[in-house]
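> Structure incoming, see below.
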Amino acid sequence: MIRTRDLRKTYRTREKGLFGPRAVKTAVDGLDLEIPRGRVTGLLGLNGAGKTSTIKILATLLRPTSGTVTLDGLDLVEHAREARRRINLIAGGERMVYTKLTGAENLRYFGHLYDVPQPVLRPRIGELLELVGLTDAADVPVERYSRGMTQRLSIARGLINDPAYLLLDEPTLGLDAPIARDLRRVVAELAAEGRGVLLTSHYLAEVEELCEHVYVIEGGRHLAAGSPAALKAATGGRRAVRVTVPDPRPELAEAVRAFAHGLGVTAELAEDPDGALLVTVRHSEDVAGPLAGVIVAAGGSIAGLEVTEPTLEDAILTLADTARSGTAAARSEQPQAVAA
């Protein structure tokens, strides 16, 4: 597996202009991660959480400031060249291929960089171009590709060395739905074949579909880990029950508030453009039936009822908010300097 222990990465930046004072920015702050073979592992967090910096360290594109990173027991800093033969990176937000070369020429070039033997490389190029749907564009310069075609070629490039570990940073960014679906299928198959995969993505449905285990980070620090279902449960994931009442009465709102209060939550009441009352109650249990009963008993009728399951996005936002609240509270408790 790939394993990190107390991984840290800091940068020195200037806060105010070219000649301003330097400050230390921490991008990765003491991360312990494990990416075993045979599993898709997720790395999630809000923008600026440290995901891309972490992946670039694992890809040997950045050196860690401190801590250790090992790949099957091999230190990635001391043995970076050997480690690179076993890993590859697909990053959706960066240019990963050369635009003046054709699709086939790009794959041939990167294959040589990875020392793929010529008898293996030639058929592999054809197989990968077919896999990403670019066989007909093999001899077309990449500068004439669409964004989606370029990203598909980047995926083929990421598989050219048949990596034991694949690092995916927003791999489906800019892809059409059918191609994104095909990529998810390929990723699942690679993990089933025994490869280790690390995935970051803003498409959380993609994460839930692929990842057995997820790490959530904020400010470069570890917040939580577990299966998507476990994370949602641990952060109090609540179903949202939304009911549309076309003929609201004054006593109905009070009945709904009392019902929600009994559950230990607050009912959300709003009016839609047609004058109907929109009632929303969020709870970890399914309260749709009891809520509908309360509304009917109070003289209301139901024009629509929708139940929305808790999402992984809700869990990440809850974890991030909790972490930030804790950081703010810790800072407020620090002694303040008082002017004499």
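Naming works like this for the structure tokens: A, B, ... for the chains as they're shown, residue 1 at the start of each chain, ligands 1 onward in shown order.
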With a distance cut-off of 9 Å and only C-alpha atoms, select the neighbouring residues of stretch 290-302 of chain A, excluding the residue or stretch itself and same-chain residues fewer than 2 positions from it, and output the selection as a list in words.

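Once the adjacent positions are removed, what remains is Val241, Val243, Thr244, Val245, Pro246, Asp247, Pro248, Arg249, Glu251, Leu252, Ala253, Ala255, Val256, Phe259, Ala260, Val281, Asp286, Val287, Ala288, Gly304 and Leu305 of chain A.
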
> Report the closest atom pair, with its distance in Å rounded to one decimal, for each residue of stretch 140-242 of chain A that has an atom no farther than 7 Å from stretch 109-115 of chain A; count only C-alpha atoms, sort by chain and then rising residue number, and write it as JSON lines.


```
{"residue": "A:Arg157", "atom": "CA", "partner": "A:Phe110", "partner_atom": "CA", "distance": 7.0}
{"residue": "A:Ile160", "atom": "CA", "partner": "A:Gly111", "partner_atom": "CA", "distance": 5.9}
{"residue": "A:Asn161", "atom": "CA", "partner": "A:Tyr114", "partner_atom": "CA", "distance": 6.1}
```

> Mind writing the picked residues with N, CA and C atoms as a PDB file, in the first residue's frame?


```
ATOM      1  N   ARG A 157      -3.015   8.395 -21.017  1.00  0.00           N
ATOM      2  CA  ARG A 157      -1.633   8.631 -20.604  1.00  0.00           C
ATOM      3  C   ARG A 157      -1.384   8.135 -19.187  1.00  0.00           C
ATOM      4  N   ILE A 160      -0.619   4.378 -19.191  1.00  0.00           N
ATOM      5  CA  ILE A 160       0.355   3.874 -20.158  1.00  0.00           C
ATOM      6  C   ILE A 160       1.389   2.956 -19.526  1.00  0.00           C
ATOM      7  N   ASN A 161       1.727   3.168 -18.266  1.00  0.00           N
ATOM      8  CA  ASN A 161       2.727   2.325 -17.607  1.00  0.00           C
ATOM      9  C   ASN A 161       2.108   1.207 -16.787  1.00  0.00           C
TER      10      ASN A 161
END
```

> Write out as a VMD selection string the residues lying within 8 Å of A:Arg3, counting only C-alpha atoms and excluding same-chain residues fewer than 3 positions away.

chain A and resid 32 to 35 69 to 71

> Those same residues, written as a PDB file, in the first residue's frame with N, CA, C and O atoms?


```pdb
ATOM      1  N   ASP A  32      -2.054  11.138   8.185  1.00  0.00           N
ATOM      2  CA  ASP A  32      -1.798   9.701   8.153  1.00  0.00           C
ATOM      3  C   ASP A  32      -2.820   9.085   7.206  1.00  0.00           C
ATOM      4  O   ASP A  32      -4.031   9.130   7.472  1.00  0.00           O
ATOM      5  N   LEU A  33      -2.352   8.521   6.095  1.00  0.00           N
ATOM      6  CA  LEU A  33      -3.236   7.931   5.095  1.00  0.00           C
ATOM      7  C   LEU A  33      -2.749   6.537   4.732  1.00  0.00           C
ATOM      8  O   LEU A  33      -1.552   6.249   4.810  1.00  0.00           O
ATOM      9  N   GLU A  34      -3.683   5.702   4.297  1.00  0.00           N
ATOM     10  CA  GLU A  34      -3.344   4.389   3.760  1.00  0.00           C
ATOM     11  C   GLU A  34      -4.162   4.144   2.504  1.00  0.00           C
ATOM     12  O   GLU A  34      -5.390   4.249   2.532  1.00  0.00           O
ATOM     13  N   ILE A  35      -3.457   3.871   1.409  1.00  0.00           N
ATOM     14  CA  ILE A  35      -4.116   3.573   0.129  1.00  0.00           C
ATOM     15  C   ILE A  35      -3.713   2.161  -0.266  1.00  0.00           C
ATOM     16  O   ILE A  35      -2.671   1.945  -0.888  1.00  0.00           O
ATOM     17  N   VAL A  69       6.502   9.026   3.463  1.00  0.00           N
ATOM     18  CA  VAL A  69       5.586   8.444   2.484  1.00  0.00           C
ATOM     19  C   VAL A  69       6.272   7.195   1.952  1.00  0.00           C
ATOM     20  O   VAL A  69       7.397   7.260   1.455  1.00  0.00           O
ATOM     21  N   THR A  70       5.586   6.061   2.051  1.00  0.00           N
ATOM     22  CA  THR A  70       6.147   4.827   1.528  1.00  0.00           C
ATOM     23  C   THR A  70       5.180   4.173   0.564  1.00  0.00           C
ATOM     24  O   THR A  70       3.959   4.285   0.704  1.00  0.00           O
ATOM     25  N   LEU A  71       5.737   3.493  -0.426  1.00  0.00           N
ATOM     26  CA  LEU A  71       4.965   2.746  -1.410  1.00  0.00           C
ATOM     27  C   LEU A  71       5.480   1.315  -1.391  1.00  0.00           C
ATOM     28  O   LEU A  71       6.631   1.066  -1.753  1.00  0.00           O
TER      29      LEU A  71
END
```

> Check stretch 51-247 of chain A with DSSP on the backbone and list each residue it calls alpha helix (DSSP H), as an mmCIF file with N, CA, C and O atoms, in the first residue's frame.


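Ended up saving to selection27.cif:
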```
data_model
loop_
_atom_site.group_PDB
_atom_site.id
_atom_site.type_symbol
_atom_site.label_atom_id
_atom_site.label_comp_id
_atom_site.auth_asym_id
_atom_site.auth_seq_id
_atom_site.Cartn_x
_atom_site.Cartn_y
_atom_site.Cartn_z
ATOM 1 N N LYS A 51 -6.012 18.766 -0.640
ATOM 2 C CA LYS A 51 -6.114 17.517 -1.402
ATOM 3 C C LYS A 51 -5.077 17.447 -2.527
ATOM 4 O O LYS A 51 -4.377 16.439 -2.678
ATOM 5 N N THR A 52 -4.995 18.513 -3.333
ATOM 6 C CA THR A 52 -4.088 18.485 -4.479
ATOM 7 C C THR A 52 -2.633 18.449 -4.027
ATOM 8 O O THR A 52 -1.808 17.738 -4.625
ATOM 9 N N SER A 53 -2.291 19.182 -2.987
ATOM 10 C CA SER A 53 -0.921 19.125 -2.462
ATOM 11 C C SER A 53 -0.576 17.718 -2.006
ATOM 12 O O SER A 53 0.530 17.210 -2.262
ATOM 13 N N THR A 54 -1.529 17.059 -1.349
ATOM 14 C CA THR A 54 -1.288 15.690 -0.886
ATOM 15 C C THR A 54 -1.058 14.752 -2.064
ATOM 16 O O THR A 54 -0.111 13.948 -2.060
ATOM 17 N N ILE A 55 -1.907 14.854 -3.076
ATOM 18 C CA ILE A 55 -1.760 13.968 -4.229
ATOM 19 C C ILE A 55 -0.439 14.225 -4.950
ATOM 20 O O ILE A 55 0.233 13.292 -5.415
ATOM 21 N N LYS A 56 -0.023 15.491 -5.048
ATOM 22 C CA LYS A 56 1.241 15.784 -5.731
ATOM 23 C C LYS A 56 2.438 15.253 -4.953
ATOM 24 O O LYS A 56 3.447 14.862 -5.543
ATOM 25 N N ILE A 57 2.332 15.210 -3.638
ATOM 26 C CA ILE A 57 3.397 14.579 -2.843
ATOM 27 C C ILE A 57 3.436 13.082 -3.134
ATOM 28 O O ILE A 57 4.508 12.501 -3.345
ATOM 29 N N LEU A 58 2.264 12.448 -3.166
ATOM 30 C CA LEU A 58 2.216 11.003 -3.427
ATOM 31 C C LEU A 58 2.703 10.684 -4.837
ATOM 32 O O LEU A 58 3.216 9.592 -5.083
ATOM 33 N N ALA A 80 12.484 7.940 -5.393
ATOM 34 C CA ALA A 80 11.416 8.526 -6.211
ATOM 35 C C ALA A 80 11.373 7.925 -7.613
ATOM 36 O O ALA A 80 10.292 7.638 -8.143
ATOM 37 N N ARG A 81 12.523 7.718 -8.229
ATOM 38 C CA ARG A 81 12.546 7.214 -9.613
ATOM 39 C C ARG A 81 11.924 5.824 -9.703
ATOM 40 O O ARG A 81 11.120 5.553 -10.601
ATOM 41 N N GLU A 82 12.294 4.959 -8.766
ATOM 42 C CA GLU A 82 11.727 3.615 -8.786
ATOM 43 C C GLU A 82 10.232 3.649 -8.474
ATOM 44 O O GLU A 82 9.444 2.909 -9.064
ATOM 45 N N ALA A 83 9.817 4.538 -7.559
ATOM 46 C CA ALA A 83 8.405 4.624 -7.200
ATOM 47 C C ALA A 83 7.561 5.097 -8.373
ATOM 48 O O ALA A 83 6.422 4.647 -8.551
ATOM 49 N N ARG A 84 8.124 5.993 -9.190
ATOM 50 C CA ARG A 84 7.367 6.539 -10.317
ATOM 51 C C ARG A 84 6.986 5.465 -11.332
ATOM 52 O O ARG A 84 6.041 5.649 -12.092
ATOM 53 N N GLY A 103 -2.350 12.285 -30.610
ATOM 54 C CA GLY A 103 -2.704 11.434 -29.480
ATOM 55 C C GLY A 103 -1.776 10.244 -29.355
ATOM 56 O O GLY A 103 -1.262 9.939 -28.267
ATOM 57 N N ALA A 104 -1.523 9.557 -30.461
ATOM 58 C CA ALA A 104 -0.642 8.384 -30.443
ATOM 59 C C ALA A 104 0.782 8.775 -30.085
ATOM 60 O O ALA A 104 1.468 8.053 -29.346
ATOM 61 N N GLU A 105 1.252 9.916 -30.604
ATOM 62 C CA GLU A 105 2.613 10.359 -30.301
ATOM 63 C C GLU A 105 2.772 10.674 -28.816
ATOM 64 O O GLU A 105 3.821 10.389 -28.216
ATOM 65 N N ASN A 106 1.744 11.254 -28.200
ATOM 66 C CA ASN A 106 1.793 11.509 -26.763
ATOM 67 C C ASN A 106 1.958 10.205 -25.988
ATOM 68 O O ASN A 106 2.816 10.109 -25.098
ATOM 69 N N LEU A 107 1.161 9.216 -26.311
ATOM 70 C CA LEU A 107 1.230 7.950 -25.586
ATOM 71 C C LEU A 107 2.574 7.261 -25.822
ATOM 72 O O LEU A 107 3.143 6.660 -24.907
ATOM 73 N N ARG A 108 3.089 7.366 -27.042
ATOM 74 C CA ARG A 108 4.392 6.764 -27.336
ATOM 75 C C ARG A 108 5.484 7.456 -26.519
ATOM 76 O O ARG A 108 6.360 6.811 -25.940
ATOM 77 N N TYR A 109 5.412 8.786 -26.462
ATOM 78 C CA TYR A 109 6.417 9.555 -25.726
ATOM 79 C C TYR A 109 6.411 9.195 -24.243
ATOM 80 O O TYR A 109 7.459 8.899 -23.646
ATOM 81 N N PHE A 110 5.222 9.211 -23.627
ATOM 82 C CA PHE A 110 5.149 8.903 -22.199
ATOM 83 C C PHE A 110 5.470 7.441 -21.930
ATOM 84 O O PHE A 110 6.020 7.103 -20.876
ATOM 85 N N GLY A 111 5.145 6.564 -22.872
ATOM 86 C CA GLY A 111 5.520 5.167 -22.715
ATOM 87 C C GLY A 111 7.023 5.001 -22.637
ATOM 88 O O GLY A 111 7.552 4.218 -21.827
ATOM 89 N N HIS A 112 7.761 5.755 -23.473
ATOM 90 C CA HIS A 112 9.223 5.701 -23.428
ATOM 91 C C HIS A 112 9.758 6.262 -22.112
ATOM 92 O O HIS A 112 10.742 5.748 -21.559
ATOM 93 N N LEU A 113 9.121 7.319 -21.596
ATOM 94 C CA LEU A 113 9.562 7.879 -20.320
ATOM 95 C C LEU A 113 9.450 6.850 -19.199
ATOM 96 O O LEU A 113 10.274 6.834 -18.276
ATOM 97 N N GLN A 118 9.115 -1.758 -26.107
ATOM 98 C CA GLN A 118 8.473 -1.477 -27.382
ATOM 99 C C GLN A 118 7.451 -2.534 -27.787
ATOM 100 O O GLN A 118 6.358 -2.188 -28.250
ATOM 101 N N PRO A 119 7.742 -3.836 -27.633
ATOM 102 C CA PRO A 119 6.740 -4.850 -28.008
ATOM 103 C C PRO A 119 5.454 -4.746 -27.193
ATOM 104 O O PRO A 119 4.391 -5.160 -27.652
ATOM 105 N N VAL A 120 5.560 -4.203 -25.974
ATOM 106 C CA VAL A 120 4.380 -4.016 -25.116
ATOM 107 C C VAL A 120 3.698 -2.694 -25.427
ATOM 108 O O VAL A 120 2.460 -2.592 -25.445
ATOM 109 N N LEU A 121 4.507 -1.664 -25.711
ATOM 110 C CA LEU A 121 3.974 -0.319 -25.889
ATOM 111 C C LEU A 121 3.082 -0.207 -27.118
ATOM 112 O O LEU A 121 2.017 0.425 -27.055
ATOM 113 N N ARG A 122 3.502 -0.796 -28.231
ATOM 114 C CA ARG A 122 2.750 -0.621 -29.479
ATOM 115 C C ARG A 122 1.293 -1.082 -29.335
ATOM 116 O O ARG A 122 0.377 -0.308 -29.626
ATOM 117 N N PRO A 123 1.031 -2.325 -28.890
ATOM 118 C CA PRO A 123 -0.378 -2.724 -28.752
ATOM 119 C C PRO A 123 -1.101 -1.983 -27.625
ATOM 120 O O PRO A 123 -2.307 -1.755 -27.704
ATOM 121 N N ARG A 124 -0.355 -1.598 -26.579
ATOM 122 C CA ARG A 124 -1.006 -0.908 -25.463
ATOM 123 C C ARG A 124 -1.551 0.445 -25.907
ATOM 124 O O ARG A 124 -2.628 0.871 -25.470
ATOM 125 N N ILE A 125 -0.829 1.154 -26.774
ATOM 126 C CA ILE A 125 -1.306 2.439 -27.283
ATOM 127 C C ILE A 125 -2.639 2.262 -27.978
ATOM 128 O O ILE A 125 -3.588 3.020 -27.747
ATOM 129 N N GLY A 126 -2.738 1.254 -28.834
ATOM 130 C CA GLY A 126 -4.002 1.007 -29.523
ATOM 131 C C GLY A 126 -5.121 0.655 -28.570
ATOM 132 O O GLY A 126 -6.260 1.122 -28.727
ATOM 133 N N GLU A 127 -4.814 -0.162 -27.555
ATOM 134 C CA GLU A 127 -5.840 -0.565 -26.585
ATOM 135 C C GLU A 127 -6.346 0.632 -25.783
ATOM 136 O O GLU A 127 -7.554 0.763 -25.533
ATOM 137 N N LEU A 128 -5.426 1.509 -25.379
ATOM 138 C CA LEU A 128 -5.819 2.667 -24.574
ATOM 139 C C LEU A 128 -6.600 3.686 -25.399
ATOM 140 O O LEU A 128 -7.568 4.284 -24.899
ATOM 141 N N LEU A 129 -6.205 3.890 -26.642
ATOM 142 C CA LEU A 129 -6.962 4.807 -27.501
ATOM 143 C C LEU A 129 -8.375 4.291 -27.723
ATOM 144 O O LEU A 129 -9.339 5.066 -27.746
ATOM 145 N N GLU A 130 -8.507 2.984 -27.862
ATOM 146 C CA GLU A 130 -9.843 2.405 -28.020
ATOM 147 C C GLU A 130 -10.634 2.548 -26.723
ATOM 148 O O GLU A 130 -11.840 2.850 -26.744
ATOM 149 N N LEU A 131 -9.955 2.349 -25.593
ATOM 150 C CA LEU A 131 -10.617 2.436 -24.297
ATOM 151 C C LEU A 131 -11.253 3.803 -24.084
ATOM 152 O O LEU A 131 -12.372 3.909 -23.565
ATOM 153 N N ARG A 147 -11.943 19.872 -25.333
ATOM 154 C CA ARG A 147 -11.507 19.702 -23.948
ATOM 155 C C ARG A 147 -11.768 18.280 -23.472
ATOM 156 O O ARG A 147 -10.928 17.666 -22.804
ATOM 157 N N GLY A 148 -12.935 17.753 -23.808
ATOM 158 C CA GLY A 148 -13.260 16.395 -23.395
ATOM 159 C C GLY A 148 -12.325 15.369 -24.005
ATOM 160 O O GLY A 148 -11.911 14.411 -23.343
ATOM 161 N N MET A 149 -11.963 15.554 -25.287
ATOM 162 C CA MET A 149 -11.044 14.631 -25.943
ATOM 163 C C MET A 149 -9.662 14.694 -25.297
ATOM 164 O O MET A 149 -9.002 13.660 -25.098
ATOM 165 N N THR A 150 -9.224 15.909 -24.951
ATOM 166 C CA THR A 150 -7.918 16.064 -24.303
ATOM 167 C C THR A 150 -7.893 15.363 -22.963
ATOM 168 O O THR A 150 -6.909 14.707 -22.600
ATOM 169 N N GLN A 151 -8.995 15.488 -22.213
ATOM 170 C CA GLN A 151 -9.054 14.819 -20.915
ATOM 171 C C GLN A 151 -9.083 13.306 -21.075
ATOM 172 O O GLN A 151 -8.467 12.577 -20.285
ATOM 173 N N ARG A 152 -9.738 12.818 -22.103
ATOM 174 C CA ARG A 152 -9.744 11.374 -22.350
ATOM 175 C C ARG A 152 -8.337 10.879 -22.681
ATOM 176 O O ARG A 152 -7.926 9.796 -22.254
ATOM 177 N N LEU A 153 -7.593 11.676 -23.450
ATOM 178 C CA LEU A 153 -6.211 11.297 -23.752
ATOM 179 C C LEU A 153 -5.362 11.307 -22.476
ATOM 180 O O LEU A 153 -4.480 10.450 -22.301
ATOM 181 N N SER A 154 -5.633 12.239 -21.575
ATOM 182 C CA SER A 154 -4.910 12.278 -20.308
ATOM 183 C C SER A 154 -5.157 11.007 -19.501
ATOM 184 O O SER A 154 -4.263 10.522 -18.791
ATOM 185 N N ILE A 155 -6.366 10.492 -19.597
ATOM 186 C CA ILE A 155 -6.681 9.240 -18.903
ATOM 187 C C ILE A 155 -5.857 8.093 -19.490
ATOM 188 O O ILE A 155 -5.272 7.282 -18.755
ATOM 189 N N ALA A 156 -5.776 8.041 -20.823
ATOM 190 C CA ALA A 156 -4.962 7.007 -21.468
ATOM 191 C C ALA A 156 -3.492 7.160 -21.070
ATOM 192 O O ALA A 156 -2.799 6.162 -20.806
ATOM 193 N N ARG A 157 -3.015 8.395 -21.017
ATOM 194 C CA ARG A 157 -1.633 8.631 -20.604
ATOM 195 C C ARG A 157 -1.384 8.135 -19.187
ATOM 196 O O ARG A 157 -0.325 7.575 -18.873
ATOM 197 N N GLY A 158 -2.377 8.305 -18.320
ATOM 198 C CA GLY A 158 -2.231 7.863 -16.942
ATOM 199 C C GLY A 158 -2.181 6.362 -16.775
ATOM 200 O O GLY A 158 -1.779 5.868 -15.711
ATOM 201 N N ALA A 177 -21.041 12.977 -19.909
ATOM 202 C CA ALA A 177 -21.548 11.948 -19.003
ATOM 203 C C ALA A 177 -21.194 10.528 -19.442
ATOM 204 O O ALA A 177 -20.781 9.708 -18.611
ATOM 205 N N PRO A 178 -21.320 10.160 -20.734
ATOM 206 C CA PRO A 178 -20.978 8.784 -21.123
ATOM 207 C C PRO A 178 -19.511 8.448 -20.897
ATOM 208 O O PRO A 178 -19.177 7.344 -20.452
ATOM 209 N N ILE A 179 -18.607 9.401 -21.193
ATOM 210 C CA ILE A 179 -17.184 9.156 -20.999
ATOM 211 C C ILE A 179 -16.859 9.079 -19.508
ATOM 212 O O ILE A 179 -16.060 8.234 -19.067
ATOM 213 N N ALA A 180 -17.476 9.949 -18.711
ATOM 214 C CA ALA A 180 -17.269 9.901 -17.262
ATOM 215 C C ALA A 180 -17.740 8.564 -16.699
ATOM 216 O O ALA A 180 -17.084 7.978 -15.831
ATOM 217 N N ARG A 181 -18.857 8.085 -17.196
ATOM 218 C CA ARG A 181 -19.363 6.785 -16.744
ATOM 219 C C ARG A 181 -18.392 5.667 -17.109
ATOM 220 O O ARG A 181 -18.117 4.774 -16.312
ATOM 221 N N ASP A 182 -17.845 5.729 -18.334
ATOM 222 C CA ASP A 182 -16.888 4.709 -18.760
ATOM 223 C C ASP A 182 -15.630 4.757 -17.894
ATOM 224 O O ASP A 182 -15.051 3.713 -17.570
ATOM 225 N N LEU A 183 -15.190 5.972 -17.534
ATOM 226 C CA LEU A 183 -14.006 6.089 -16.687
ATOM 227 C C LEU A 183 -14.268 5.475 -15.320
ATOM 228 O O LEU A 183 -13.409 4.769 -14.774
ATOM 229 N N ARG A 184 -15.440 5.728 -14.752
ATOM 230 C CA ARG A 184 -15.756 5.131 -13.453
ATOM 231 C C ARG A 184 -15.733 3.600 -13.543
ATOM 232 O O ARG A 184 -15.268 2.922 -12.623
ATOM 233 N N ARG A 185 -16.231 3.069 -14.652
ATOM 234 C CA ARG A 185 -16.209 1.619 -14.835
ATOM 235 C C ARG A 185 -14.767 1.118 -14.883
ATOM 236 O O ARG A 185 -14.431 0.112 -14.247
ATOM 237 N N VAL A 186 -13.908 1.834 -15.617
ATOM 238 C CA VAL A 186 -12.502 1.436 -15.721
ATOM 239 C C VAL A 186 -11.827 1.488 -14.348
ATOM 240 O O VAL A 186 -11.081 0.579 -13.974
ATOM 241 N N VAL A 187 -12.091 2.545 -13.583
ATOM 242 C CA VAL A 187 -11.491 2.695 -12.261
ATOM 243 C C VAL A 187 -11.910 1.539 -11.349
ATOM 244 O O VAL A 187 -11.079 0.956 -10.638
ATOM 245 N N ALA A 188 -13.184 1.193 -11.368
ATOM 246 C CA ALA A 188 -13.668 0.078 -10.549
ATOM 247 C C ALA A 188 -12.990 -1.226 -10.961
ATOM 248 O O ALA A 188 -12.624 -2.052 -10.105
ATOM 249 N N GLU A 189 -12.822 -1.430 -12.272
ATOM 250 C CA GLU A 189 -12.173 -2.645 -12.759
ATOM 251 C C GLU A 189 -10.704 -2.693 -12.351
ATOM 252 O O GLU A 189 -10.181 -3.751 -11.976
ATOM 253 N N LEU A 190 -10.021 -1.537 -12.398
ATOM 254 C CA LEU A 190 -8.620 -1.489 -12.000
ATOM 255 C C LEU A 190 -8.461 -1.872 -10.533
ATOM 256 O O LEU A 190 -7.530 -2.603 -10.168
ATOM 257 N N ALA A 191 -9.340 -1.360 -9.687
ATOM 258 C CA ALA A 191 -9.278 -1.715 -8.268
ATOM 259 C C ALA A 191 -9.568 -3.199 -8.069
ATOM 260 O O ALA A 191 -8.907 -3.870 -7.267
ATOM 261 N N ALA A 192 -10.540 -3.728 -8.815
ATOM 262 C CA ALA A 192 -10.880 -5.145 -8.694
ATOM 263 C C ALA A 192 -9.725 -6.039 -9.123
ATOM 264 O O ALA A 192 -9.580 -7.172 -8.639
ATOM 265 N N LEU A 204 -19.671 14.136 -5.764
ATOM 266 C CA LEU A 204 -19.705 13.231 -4.628
ATOM 267 C C LEU A 204 -20.498 11.959 -4.914
ATOM 268 O O LEU A 204 -20.275 10.934 -4.268
ATOM 269 N N ALA A 205 -21.403 12.010 -5.890
ATOM 270 C CA ALA A 205 -22.075 10.776 -6.293
ATOM 271 C C ALA A 205 -21.053 9.797 -6.860
ATOM 272 O O ALA A 205 -21.165 8.574 -6.685
ATOM 273 N N GLU A 206 -20.056 10.333 -7.540
ATOM 274 C CA GLU A 206 -18.963 9.528 -8.089
ATOM 275 C C GLU A 206 -18.179 8.871 -6.958
ATOM 276 O O GLU A 206 -17.818 7.685 -7.022
ATOM 277 N N VAL A 207 -17.919 9.632 -5.908
ATOM 278 C CA VAL A 207 -17.189 9.110 -4.754
ATOM 279 C C VAL A 207 -17.991 8.008 -4.075
ATOM 280 O O VAL A 207 -17.453 6.942 -3.727
ATOM 281 N N GLU A 208 -19.281 8.240 -3.881
ATOM 282 C CA GLU A 208 -20.114 7.230 -3.227
ATOM 283 C C GLU A 208 -20.196 5.956 -4.043
ATOM 284 O O GLU A 208 -20.277 4.854 -3.500
ATOM 285 N N GLU A 209 -20.190 6.096 -5.365
ATOM 286 C CA GLU A 209 -20.267 4.928 -6.241
ATOM 287 C C GLU A 209 -18.990 4.091 -6.186
ATOM 288 O O GLU A 209 -19.045 2.857 -6.198
ATOM 289 N N LEU A 210 -17.833 4.762 -6.090
ATOM 290 C CA LEU A 210 -16.559 4.069 -6.265
ATOM 291 C C LEU A 210 -15.830 3.743 -4.966
ATOM 292 O O LEU A 210 -15.142 2.722 -4.892
ATOM 293 N N PRO A 228 -18.503 6.001 3.017
ATOM 294 C CA PRO A 228 -19.435 7.127 2.857
ATOM 295 C C PRO A 228 -20.665 7.001 3.752
ATOM 296 O O PRO A 228 -21.099 7.991 4.362
ATOM 297 N N ALA A 229 -21.207 5.790 3.866
ATOM 298 C CA ALA A 229 -22.393 5.593 4.704
ATOM 299 C C ALA A 229 -22.079 5.868 6.170
ATOM 300 O O ALA A 229 -22.867 6.498 6.887
ATOM 301 N N ALA A 230 -20.905 5.404 6.626
ATOM 302 C CA ALA A 230 -20.530 5.608 8.025
ATOM 303 C C ALA A 230 -20.312 7.085 8.330
ATOM 304 O O ALA A 230 -20.671 7.569 9.404
ATOM 305 N N LEU A 231 -19.711 7.815 7.380
ATOM 306 C CA LEU A 231 -19.485 9.247 7.593
ATOM 307 C C LEU A 231 -20.808 9.991 7.702
ATOM 308 O O LEU A 231 -20.968 10.883 8.540
ATOM 309 N N LYS A 232 -21.760 9.646 6.838
ATOM 310 C CA LYS A 232 -23.067 10.307 6.903
ATOM 311 C C LYS A 232 -23.761 10.028 8.225
ATOM 312 O O LYS A 232 -24.369 10.916 8.824
ATOM 313 N N ALA A 233 -23.649 8.793 8.698
ATOM 314 C CA ALA A 233 -24.290 8.435 9.962
ATOM 315 C C ALA A 233 -23.601 9.113 11.146
ATOM 316 O O ALA A 233 -24.254 9.611 12.058
ATOM 317 N N ALA A 234 -22.269 9.158 11.110
ATOM 318 C CA ALA A 234 -21.512 9.712 12.228
ATOM 319 C C ALA A 234 -21.694 11.209 12.375
ATOM 320 O O ALA A 234 -21.544 11.760 13.465
#
```

> Skipping near chain neighbours, those fewer than 4 positions away, what residues fall within 7 Å of A:Tyr215 using only C-alpha atoms, listed as a PyMOL selection string?

chain A and resi 42-44+224-226

> List the neighbours of A:Leu166 out to 7 Å using only C-alpha atoms; skip same-chain residues closer than 2 positions along the sequence, and give me the result as an mmCIF file with N, CA, C and O atoms, in the first residue's frame.


```
data_model
loop_
_atom_site.group_PDB
_atom_site.id
_atom_site.type_symbol
_atom_site.label_atom_id
_atom_site.label_comp_id
_atom_site.auth_asym_id
_atom_site.auth_seq_id
_atom_site.Cartn_x
_atom_site.Cartn_y
_atom_site.Cartn_z
ATOM 1 N N ILE A 87 3.457 4.180 -10.174
ATOM 2 C CA ILE A 87 2.324 5.075 -9.958
ATOM 3 C C ILE A 87 2.083 5.914 -11.211
ATOM 4 O O ILE A 87 2.931 6.014 -12.087
ATOM 5 N N ASN A 88 0.886 6.513 -11.274
ATOM 6 C CA ASN A 88 0.617 7.510 -12.296
ATOM 7 C C ASN A 88 -0.480 8.424 -11.795
ATOM 8 O O ASN A 88 -1.210 8.081 -10.854
ATOM 9 N N LEU A 89 -0.559 9.582 -12.417
ATOM 10 C CA LEU A 89 -1.474 10.633 -11.971
ATOM 11 C C LEU A 89 -2.336 11.088 -13.129
ATOM 12 O O LEU A 89 -1.849 11.295 -14.238
ATOM 13 N N PRO A 163 0.030 1.191 -14.137
ATOM 14 C CA PRO A 163 0.480 1.478 -12.768
ATOM 15 C C PRO A 163 -0.169 0.581 -11.719
ATOM 16 O O PRO A 163 -1.322 0.157 -11.853
ATOM 17 N N ALA A 164 0.593 0.316 -10.670
ATOM 18 C CA ALA A 164 0.043 -0.413 -9.527
ATOM 19 C C ALA A 164 -0.827 0.504 -8.677
ATOM 20 O O ALA A 164 -1.744 0.043 -7.990
ATOM 21 N N LEU A 168 -5.980 9.967 -8.822
ATOM 22 C CA LEU A 168 -6.967 10.655 -9.652
ATOM 23 C C LEU A 168 -7.404 11.944 -8.964
ATOM 24 O O LEU A 168 -8.057 11.917 -7.919
ATOM 25 N N GLY A 196 -4.227 -0.063 -6.475
ATOM 26 C CA GLY A 196 -4.665 0.908 -5.483
ATOM 27 C C GLY A 196 -5.024 2.208 -6.168
ATOM 28 O O GLY A 196 -4.280 2.681 -7.031
ATOM 29 N N VAL A 197 -6.156 2.786 -5.809
ATOM 30 C CA VAL A 197 -6.619 4.017 -6.442
ATOM 31 C C VAL A 197 -6.957 5.038 -5.363
ATOM 32 O O VAL A 197 -7.636 4.720 -4.387
ATOM 33 N N LEU A 198 -6.450 6.263 -5.547
ATOM 34 C CA LEU A 198 -6.826 7.383 -4.685
ATOM 35 C C LEU A 198 -7.585 8.382 -5.536
ATOM 36 O O LEU A 198 -7.099 8.803 -6.590
#
```
